[in-house]
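Engineer: Structure file structure14.txt, compact mmCIF, C-alpha atoms, is pasted below:
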```txt
# COMPACT_ATOMS: atom_id res chain seq x y z
CA MET A 4 181.00 -141.51 148.86
CA LYS A 5 183.06 -143.38 146.29
CA THR A 6 180.28 -142.93 143.73
CA LEU A 7 180.14 -139.21 144.41
CA PHE A 8 183.92 -138.91 144.02
CA THR A 9 183.69 -140.74 140.69
CA LEU A 10 181.01 -138.32 139.49
CA LEU A 11 183.15 -135.38 140.52
CA THR A 12 186.04 -136.59 138.37
CA LEU A 13 183.96 -136.90 135.21
CA GLY A 14 183.91 -134.15 132.61
CA PHE A 15 181.01 -133.57 130.29
CA ALA A 16 180.67 -131.36 127.22
CA ILE A 17 177.99 -130.38 124.78
CA VAL A 18 178.25 -129.18 121.19
CA VAL A 19 175.47 -126.99 119.86
CA HIS A 20 175.92 -125.03 116.65
CA ALA A 21 173.49 -122.12 116.85
CA GLN A 22 172.95 -119.80 113.93
CA GLN A 23 173.41 -116.72 116.03
CA VAL A 24 176.72 -117.73 117.58
CA ARG A 25 179.63 -116.96 115.31
CA PRO A 26 183.12 -116.13 116.52
CA GLY A 27 183.80 -112.41 116.29
CA THR A 28 180.18 -111.50 115.56
CA PRO A 29 178.63 -109.06 118.08
CA LEU A 30 175.50 -110.32 119.81
CA PRO A 31 172.24 -108.65 118.88
CA PRO A 32 170.95 -106.53 121.77
CA LEU A 33 168.88 -108.35 124.35
CA PRO A 34 165.26 -107.33 123.66
CA PRO A 35 163.45 -105.63 126.55
CA GLY A 36 161.05 -107.56 128.74
CA PRO A 37 161.26 -110.51 131.11
CA LEU A 38 163.65 -113.29 130.17
CA LEU A 39 161.09 -115.94 131.11
CA LYS A 40 157.40 -115.60 131.91
CA ARG A 41 155.03 -117.75 133.86
CA ALA A 42 152.48 -119.68 131.83
CA PRO A 43 149.03 -118.05 131.63
CA ASP A 44 146.68 -118.87 134.52
CA TYR A 45 144.85 -121.40 132.34
CA SER A 46 147.44 -123.41 130.43
CA THR A 47 148.41 -126.90 129.31
CA TRP A 48 151.86 -127.93 128.19
CA THR A 49 153.92 -131.08 127.72
CA VAL A 50 157.63 -131.55 128.37
CA THR A 51 159.27 -134.42 126.49
CA ILE A 52 162.58 -135.39 128.07
CA HIS A 53 165.28 -137.45 126.37
CA GLY A 54 168.44 -138.70 128.04
CA HIS A 55 169.96 -137.73 131.37
CA PRO A 56 172.36 -134.86 132.20
CA LEU A 57 175.16 -137.31 133.06
CA GLU A 58 174.49 -139.89 130.36
CA GLY A 59 177.61 -141.06 128.53
CA LYS A 60 180.75 -139.08 127.80
CA GLU A 61 180.25 -138.00 124.21
CA PRO A 62 178.82 -134.53 123.52
CA VAL A 63 175.31 -134.31 122.14
CA LYS A 64 175.28 -132.93 118.61
CA THR A 65 172.27 -130.97 117.48
CA GLY A 66 171.37 -129.07 114.35
CA THR A 67 172.04 -125.44 113.64
CA THR A 68 169.03 -124.39 115.68
CA GLY A 69 169.10 -127.02 118.38
CA GLU A 70 166.64 -129.15 116.40
CA GLY A 71 168.83 -132.17 115.68
CA THR A 72 167.11 -135.49 115.12
CA ALA A 73 169.63 -137.86 116.69
CA LYS A 74 168.42 -137.22 120.23
CA ASP A 75 164.77 -137.28 119.19
CA LYS A 76 165.16 -140.90 118.03
CA GLU A 77 166.19 -142.04 121.49
CA PRO A 78 163.57 -143.39 123.90
CA VAL A 79 161.74 -140.80 125.94
CA THR A 80 163.06 -140.65 129.51
CA MET A 81 159.94 -138.97 130.82
CA LEU A 82 156.82 -137.33 129.47
CA SER A 83 155.36 -134.67 131.74
CA THR A 84 152.01 -133.00 131.07
CA VAL A 85 151.16 -129.96 133.18
CA VAL A 86 147.69 -128.49 133.57
CA LYS A 87 147.41 -125.13 135.31
CA THR A 88 144.27 -123.37 136.47
CA GLY A 89 145.32 -120.48 138.64
CA SER A 90 147.04 -121.64 141.81
CA THR A 91 145.99 -125.26 141.30
CA ILE A 92 148.46 -127.19 139.15
CA LEU A 93 148.58 -130.86 138.18
CA GLU A 94 151.67 -132.63 136.84
CA GLN A 95 151.10 -136.00 135.18
CA ASN A 96 154.41 -137.79 134.67
CA VAL A 97 155.05 -141.00 132.75
CA GLU A 98 158.55 -142.47 133.13
CA ALA A 99 160.43 -144.67 130.68
CA ASP A 100 159.53 -147.84 132.60
CA GLY A 101 155.83 -146.99 132.45
CA GLN A 102 155.48 -145.72 136.01
CA ARG A 103 152.91 -142.96 136.35
CA HIS A 104 152.75 -140.27 139.00
CA GLN A 105 150.39 -137.39 139.57
CA ILE A 106 151.69 -134.40 141.50
CA TRP A 107 149.16 -131.84 142.70
CA HIS A 108 150.26 -128.38 143.79
CA VAL A 109 147.54 -126.66 145.81
CA SER A 110 147.89 -123.72 148.23
CA GLY A 111 151.53 -124.43 149.02
CA ILE A 112 150.91 -128.17 149.42
CA ARG A 113 152.46 -130.90 147.25
CA ILE A 114 150.61 -134.22 146.89
CA VAL A 115 152.26 -137.10 145.03
CA SER A 116 149.85 -139.87 144.09
CA GLY A 117 150.39 -143.05 142.13
CA ASN A 118 151.86 -144.85 145.08
CA ALA A 119 149.97 -147.03 147.56
CA THR A 120 149.56 -144.01 149.83
CA PRO A 121 149.70 -140.42 148.53
CA LEU A 122 152.58 -138.38 149.93
CA ILE A 123 151.73 -134.93 151.29
CA SER A 124 154.33 -132.27 152.06
CA PRO A 125 154.85 -128.52 151.86
CA ASP A 126 155.61 -127.56 148.27
CA TYR A 127 159.26 -127.04 147.42
CA GLY A 128 161.73 -126.86 144.55
CA GLY A 129 163.50 -124.48 142.23
CA SER A 130 167.12 -124.78 143.32
CA ASP A 131 168.04 -127.55 140.87
CA ILE A 132 167.17 -128.45 137.27
CA PHE A 133 164.61 -131.10 138.21
CA SER A 134 162.15 -129.51 140.64
CA ILE A 135 159.79 -126.56 140.26
CA ASP A 136 158.88 -123.95 142.83
CA PHE A 137 155.36 -123.29 141.58
CA ALA A 138 155.06 -120.36 143.97
CA SER A 139 157.44 -118.48 141.67
CA TYR A 140 157.98 -120.45 138.43
CA ASP A 141 156.22 -122.89 136.12
CA PHE A 142 159.30 -124.53 134.56
CA ALA A 143 162.21 -126.42 136.09
CA GLY A 144 165.84 -125.54 135.53
CA PHE A 145 165.83 -121.96 134.23
CA TYR A 146 167.05 -120.16 137.35
CA TRP A 147 170.37 -119.41 135.60
CA LEU A 148 168.90 -117.21 132.85
CA SER A 149 170.34 -113.70 133.00
CA GLU A 150 171.78 -110.94 130.85
CA SER A 151 175.22 -112.49 131.34
CA THR A 152 174.09 -115.87 129.90
CA TYR A 153 172.30 -114.34 126.91
CA ALA A 154 173.89 -115.80 123.74
CA GLY A 155 171.90 -114.18 120.93
CA MET A 156 168.88 -114.97 118.77
CA ALA A 157 167.96 -118.02 116.69
CA LYS A 158 165.01 -119.76 115.07
CA TYR A 159 163.46 -122.83 116.66
CA GLN A 160 160.64 -124.57 114.77
CA GLY A 161 159.99 -121.32 112.94
CA ASN A 162 159.84 -119.20 116.10
CA ASP A 163 162.21 -116.37 116.92
CA CYS A 164 163.92 -117.25 120.18
CA LEU A 165 166.22 -115.77 122.78
CA VAL A 166 169.13 -118.15 123.31
CA PHE A 167 170.93 -118.54 126.62
CA LYS A 168 174.04 -120.55 127.44
CA GLY A 169 175.49 -121.28 130.85
CA THR A 170 176.43 -124.05 133.25
CA VAL A 171 174.37 -125.81 135.91
CA SER A 172 174.74 -128.58 138.41
CA PRO A 173 173.31 -131.85 137.04
CA LEU A 174 172.58 -133.08 140.57
CA SER A 175 169.44 -132.91 142.69
CA GLU A 176 169.25 -130.43 145.55
CA LYS A 177 170.16 -133.09 148.12
CA ALA A 178 172.99 -134.45 145.98
CA GLN A 179 174.39 -130.92 145.65
CA PHE A 180 174.34 -130.60 149.45
CA ASP A 181 176.19 -133.92 149.79
CA GLU A 182 178.65 -132.85 147.10
CA ARG A 183 179.47 -129.60 148.89
CA ALA A 184 179.92 -131.42 152.19
CA PHE A 185 182.24 -133.95 150.56
CA ILE A 186 184.38 -131.29 148.87
CA GLU A 187 184.64 -129.15 152.00
CA GLY A 188 185.45 -132.15 154.18
CA ALA A 189 188.08 -133.51 151.79
CA ARG A 190 189.80 -130.15 151.36
CA ALA A 191 189.73 -129.53 155.09
CA ILE A 192 192.03 -132.52 155.59
CA GLY A 193 194.28 -131.58 152.67
CA GLN A 194 192.89 -133.82 149.96
CA SER A 195 192.81 -132.56 146.39
CA VAL A 196 189.37 -133.03 144.82
CA PRO A 197 187.71 -131.49 141.77
CA ASP A 198 185.36 -128.54 142.00
CA ALA A 199 181.61 -129.09 142.02
CA LEU A 200 180.29 -130.88 138.94
CA HIS A 201 178.66 -128.75 136.25
CA VAL A 202 177.35 -129.33 132.74
CA THR A 203 176.56 -126.95 129.91
CA ALA A 204 173.02 -125.57 129.78
CA ILE A 205 171.23 -124.13 126.74
CA ALA A 206 167.76 -122.61 126.56
CA TYR A 207 165.61 -121.38 123.67
CA ILE A 208 162.92 -118.95 124.89
CA ASP A 209 160.18 -117.87 122.51
CA LEU A 210 160.66 -114.15 121.83
CA GLU A 211 156.95 -113.37 121.69
CA THR A 212 155.56 -115.44 124.57
CA ARG A 213 158.76 -115.66 126.65
CA LEU A 214 158.00 -119.32 127.32
CA PRO A 215 160.58 -122.10 126.86
CA LEU A 216 160.58 -124.15 123.66
CA PHE A 217 163.80 -126.14 124.05
CA ALA A 218 166.40 -126.78 126.75
CA GLN A 219 169.47 -128.91 127.10
CA PHE A 220 171.29 -129.80 130.31
CA GLY A 221 174.41 -131.86 129.66
CA GLN A 222 173.18 -134.96 127.83
CA GLU A 223 169.49 -134.30 128.50
CA THR A 224 167.14 -132.48 126.13
CA ARG A 225 163.69 -131.10 126.89
CA ILE A 226 161.11 -130.09 124.30
CA TYR A 227 158.13 -127.95 125.33
CA ARG A 228 154.81 -128.05 123.50
CA TYR A 229 151.75 -125.99 124.40
CA SER A 230 148.19 -127.12 123.75
CA ALA A 231 144.65 -125.88 124.29
CA PRO A 232 144.14 -124.52 127.82
CA PRO A 233 141.61 -126.06 130.19
CA THR A 234 138.17 -124.47 130.20
CA THR A 235 137.22 -125.28 133.80
CA PRO A 236 139.15 -125.10 137.08
CA LEU A 237 140.98 -128.18 138.30
CA VAL A 238 139.28 -129.84 141.25
CA LEU A 239 141.27 -131.88 143.74
CA PRO A 240 139.79 -135.40 144.14
CA PRO A 241 137.71 -135.74 147.34
CA GLU A 242 140.01 -138.38 148.80
CA LEU A 243 143.01 -136.06 148.48
CA THR A 244 141.04 -133.16 149.93
CA THR A 245 140.31 -135.33 152.95
CA LEU A 246 143.99 -136.25 153.31
CA ILE A 247 145.01 -132.59 153.23
CA LYS A 248 142.46 -131.73 155.90
CA GLU A 249 143.61 -134.59 158.11
CA SER A 250 147.24 -133.58 157.63
CA ALA A 251 146.49 -129.96 158.57
CA GLU A 252 144.61 -131.07 161.68
CA ARG A 253 147.50 -133.34 162.70
CA ILE A 254 150.00 -130.49 162.30
CA ASN A 255 147.79 -128.16 164.32
CA ARG A 256 147.59 -130.70 167.14
CA LEU A 257 151.35 -131.17 167.19
CA SER A 258 152.04 -127.44 167.14
CA ALA A 259 149.45 -126.55 169.78
CA PRO A 260 150.94 -125.39 173.13
CA ALA A 261 151.05 -127.99 175.85
CA ALA A 262 148.23 -127.96 178.36
CA LYS A 263 149.03 -126.27 181.66
CA ALA A 264 149.67 -128.55 184.59
CA PHE A 265 147.52 -127.97 187.66
```
Kindly present the structure from the file in structure tokens form.

Structural biologist:
Amino acid sequence: MKTLFTLLTLGFAIVVHAQQVRPGTPLPPLPPGPLLKRAPDYSTWTVTIHGHPLEGKEPVKTGTTGEGTAKDKEPVTMLSTVVKTGSTILEQNVEADGQRHQIWHVSGIRIVSGNATPLISPDYGGSDIFSIDFASYDFAGFYWLSESTYAGMAKYQGNDCLVFKGTVSPLSEKAQFDERAFIEGARAIGQSVPDALHVTAIAYIDLETRLPLFAQFGQETRIYRYSAPPTTPLVLPPELTTLIKESAERINRLSAPAAKAF
């Protein structure tokens, strides 16, 4: 609780000088079409993540198009490669300490391997900047995009982009729940506590493809690169297929009505 209170008292800022944002200059009209699209059914992309949303107190300074080099020189926090073939999606994540995890998303099931025993659960996500609800989206953290957060147009790596600016919670879904409970409980007994923690969010969405190219959440930056799509469907390893079947059978047994007593 003390740690959470400390987080709530911190303030974080971000400085991004975008070409399209000039005081007193009207924004160009928001082009028609979806603000963000799903990746094509057969796609491969990599997300390179630097920093953490709550890292340090100094604002991150980027170039005029969000392409500053200072952050790029920092160690990579995580490298995530995503392969999508229809409704079967594989995330391959490598963390800064070298840990590797594979996360399969198949038919509403999430399977995390890389541990001693794979973890199987219903798929979830989408209500924070870290997790993805693959039933609806392919990219984490863009739920806040809207006409009201549209900030104009800019170039990113030679591509025309829609730029969005807003604020988001830098906490996981569970941490947000704990934060709300703490604030409500403290205020209920008359304590004065800060509002929920938020950091500045910035997104560059490719105008043509409507896929993300760059995002920043507080002190964290994410760079998206797209490569050649897979040519064949992903196939779940046999051992994971067996685990899913066993899990489904176990759930069916537990949910079956009790036998009648005679």

Engineer: Do a neighbour search on Glu211 (chain A) at 12 Å with only C-alpha atoms, toss out local chain neighbours closer than 2 positions, and write the hits as number ranges by chain.

Structural biologist: A: 34-40, 162-165, 207-209, 213-216

Engineer: Go through A:Ser124, A:Thr212, A:Ser195, A:Gln219 one by one, measure the shortest atom-to-atom distance of each to Leu246 (chain A) using only C-alpha atoms, and give the residue with the smallest value.

Structural biologist: A:Ser124

Engineer: Just to confirm, what's the straight-line distance from CA of Gly144 (chain A) to CA of Pro125 (chain A) in Å (one decimal)?

Structural biologist: 19.9 Å

Engineer: Give me, please, the distance in Å between CA of Ala99 (chain A) and CA of Arg225 (chain A), quoted to one decimal.

Structural biologist: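 Distance reported for this atom pair: 14.5 Å.
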
Engineer: Determine, counting only C-alpha atoms, which protein, DNA and RNA residues have an atom within 10 Å of an atom of region 173-190 of chain A; residues of the same chain fewer than 5 positions away are not included. Present the result as a PyMOL selection string.

Structural biologist: chain A and resi 4+7-8+10-11+55-57+128-134+144+195-204+220-223

Engineer: Grab the CA of Leu122 (chain A) to CA of Val109 (chain A) distance for me, in Å with one decimal place.

Structural biologist: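 Separation of CA of Leu122 (chain A) and CA of Val109 (chain A): 13.4 Å.
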
Engineer: Do you know which residues lie at most 12 Å from (154.9, -143.7, 133.7), with coordinates as in the file and all atoms listed in the file counted, and could you write them as a JSON list (two decimals) with C-alpha atoms, in the frame of the given file?

Structural biologist:
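To be explicit, this is the file written out as out.json:
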```json
[["chain", "number", "residue", "atom", "x", "y", "z"],
["A", 79, "VAL", "CA", 161.74, -140.80, 125.94],
["A", 80, "THR", "CA", 163.06, -140.65, 129.51],
["A", 81, "MET", "CA", 159.94, -138.97, 130.82],
["A", 82, "LEU", "CA", 156.82, -137.33, 129.47],
["A", 83, "SER", "CA", 155.36, -134.67, 131.74],
["A", 84, "THR", "CA", 152.01, -133.00, 131.07],
["A", 94, "GLU", "CA", 151.67, -132.63, 136.84],
["A", 95, "GLN", "CA", 151.10, -136.00, 135.18],
["A", 96, "ASN", "CA", 154.41, -137.79, 134.67],
["A", 97, "VAL", "CA", 155.05, -141.00, 132.75],
["A", 98, "GLU", "CA", 158.55, -142.47, 133.13],
["A", 99, "ALA", "CA", 160.43, -144.67, 130.68],
["A", 100, "ASP", "CA", 159.53, -147.84, 132.60],
["A", 101, "GLY", "CA", 155.83, -146.99, 132.45],
["A", 102, "GLN", "CA", 155.48, -145.72, 136.01],
["A", 103, "ARG", "CA", 152.91, -142.96, 136.35],
["A", 104, "HIS", "CA", 152.75, -140.27, 139.00],
["A", 105, "GLN", "CA", 150.39, -137.39, 139.57],
["A", 117, "GLY", "CA", 150.39, -143.05, 142.13],
["A", 118, "ASN", "CA", 151.86, -144.85, 145.08]]
```

Engineer: Name the closest residue to Ile112 (chain A) among the candidates A:Lys248, A:Arg41, A:Glu58, A:Thr152; distances are taken between atoms, counting all atoms listed in the file.

Structural biologist: A:Lys248

Engineer: With distances taken over all atoms listed in the file, which residue among A:Val171, A:Leu210, A:Gln160, A:Pro232 lies nearest Thr88 (chain A)?

Structural biologist: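 For Thr88 (chain A), the nearest of the candidates is A:Pro232.
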
Engineer: Skipping near chain neighbours, those fewer than 2 positions away, what residues fall within 7 Å of Leu30 (chain A) using only C-alpha atoms, listed as a list in words?

Structural biologist: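 My list of contacting residues is Thr28, Pro32, Ala154 and Gly155 of chain A.
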
Engineer: What's around Ile247 (chain A) at 12 Å? Count only C-alpha atoms, leave out sequence neighbours fewer than 6 positions away in its own chain, and write the answer as a PDB file with C-alpha atoms, in the coordinates of the input.

Structural biologist:
```
ATOM      1  CA  TRP A 107     149.160-131.840 142.700  1.00  0.00           C
ATOM      2  CA  HIS A 108     150.260-128.380 143.790  1.00  0.00           C
ATOM      3  CA  VAL A 109     147.540-126.660 145.810  1.00  0.00           C
ATOM      4  CA  SER A 110     147.890-123.720 148.230  1.00  0.00           C
ATOM      5  CA  GLY A 111     151.530-124.430 149.020  1.00  0.00           C
ATOM      6  CA  ILE A 112     150.910-128.170 149.420  1.00  0.00           C
ATOM      7  CA  ARG A 113     152.460-130.900 147.250  1.00  0.00           C
ATOM      8  CA  ILE A 114     150.610-134.220 146.890  1.00  0.00           C
ATOM      9  CA  VAL A 115     152.260-137.100 145.030  1.00  0.00           C
ATOM     10  CA  PRO A 121     149.700-140.420 148.530  1.00  0.00           C
ATOM     11  CA  LEU A 122     152.580-138.380 149.930  1.00  0.00           C
ATOM     12  CA  ILE A 123     151.730-134.930 151.290  1.00  0.00           C
ATOM     13  CA  SER A 124     154.330-132.270 152.060  1.00  0.00           C
ATOM     14  CA  PRO A 125     154.850-128.520 151.860  1.00  0.00           C
ATOM     15  CA  LEU A 239     141.270-131.880 143.740  1.00  0.00           C
ATOM     16  CA  PRO A 240     139.790-135.400 144.140  1.00  0.00           C
ATOM     17  CA  PRO A 241     137.710-135.740 147.340  1.00  0.00           C
ATOM     18  CA  ARG A 253     147.500-133.340 162.700  1.00  0.00           C
ATOM     19  CA  ILE A 254     150.000-130.490 162.300  1.00  0.00           C
TER      20      ILE A 254
END
```

Engineer: Identify which of the residues A:Thr120, A:Ser250, A:Thr51, A:Thr245 lies closest to Ala218 (chain A), counting only C-alpha atoms when measuring atom-to-atom distances.

Structural biologist: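 Residue with the minimum atom-to-atom distance to Ala218 (chain A): A:Thr51.
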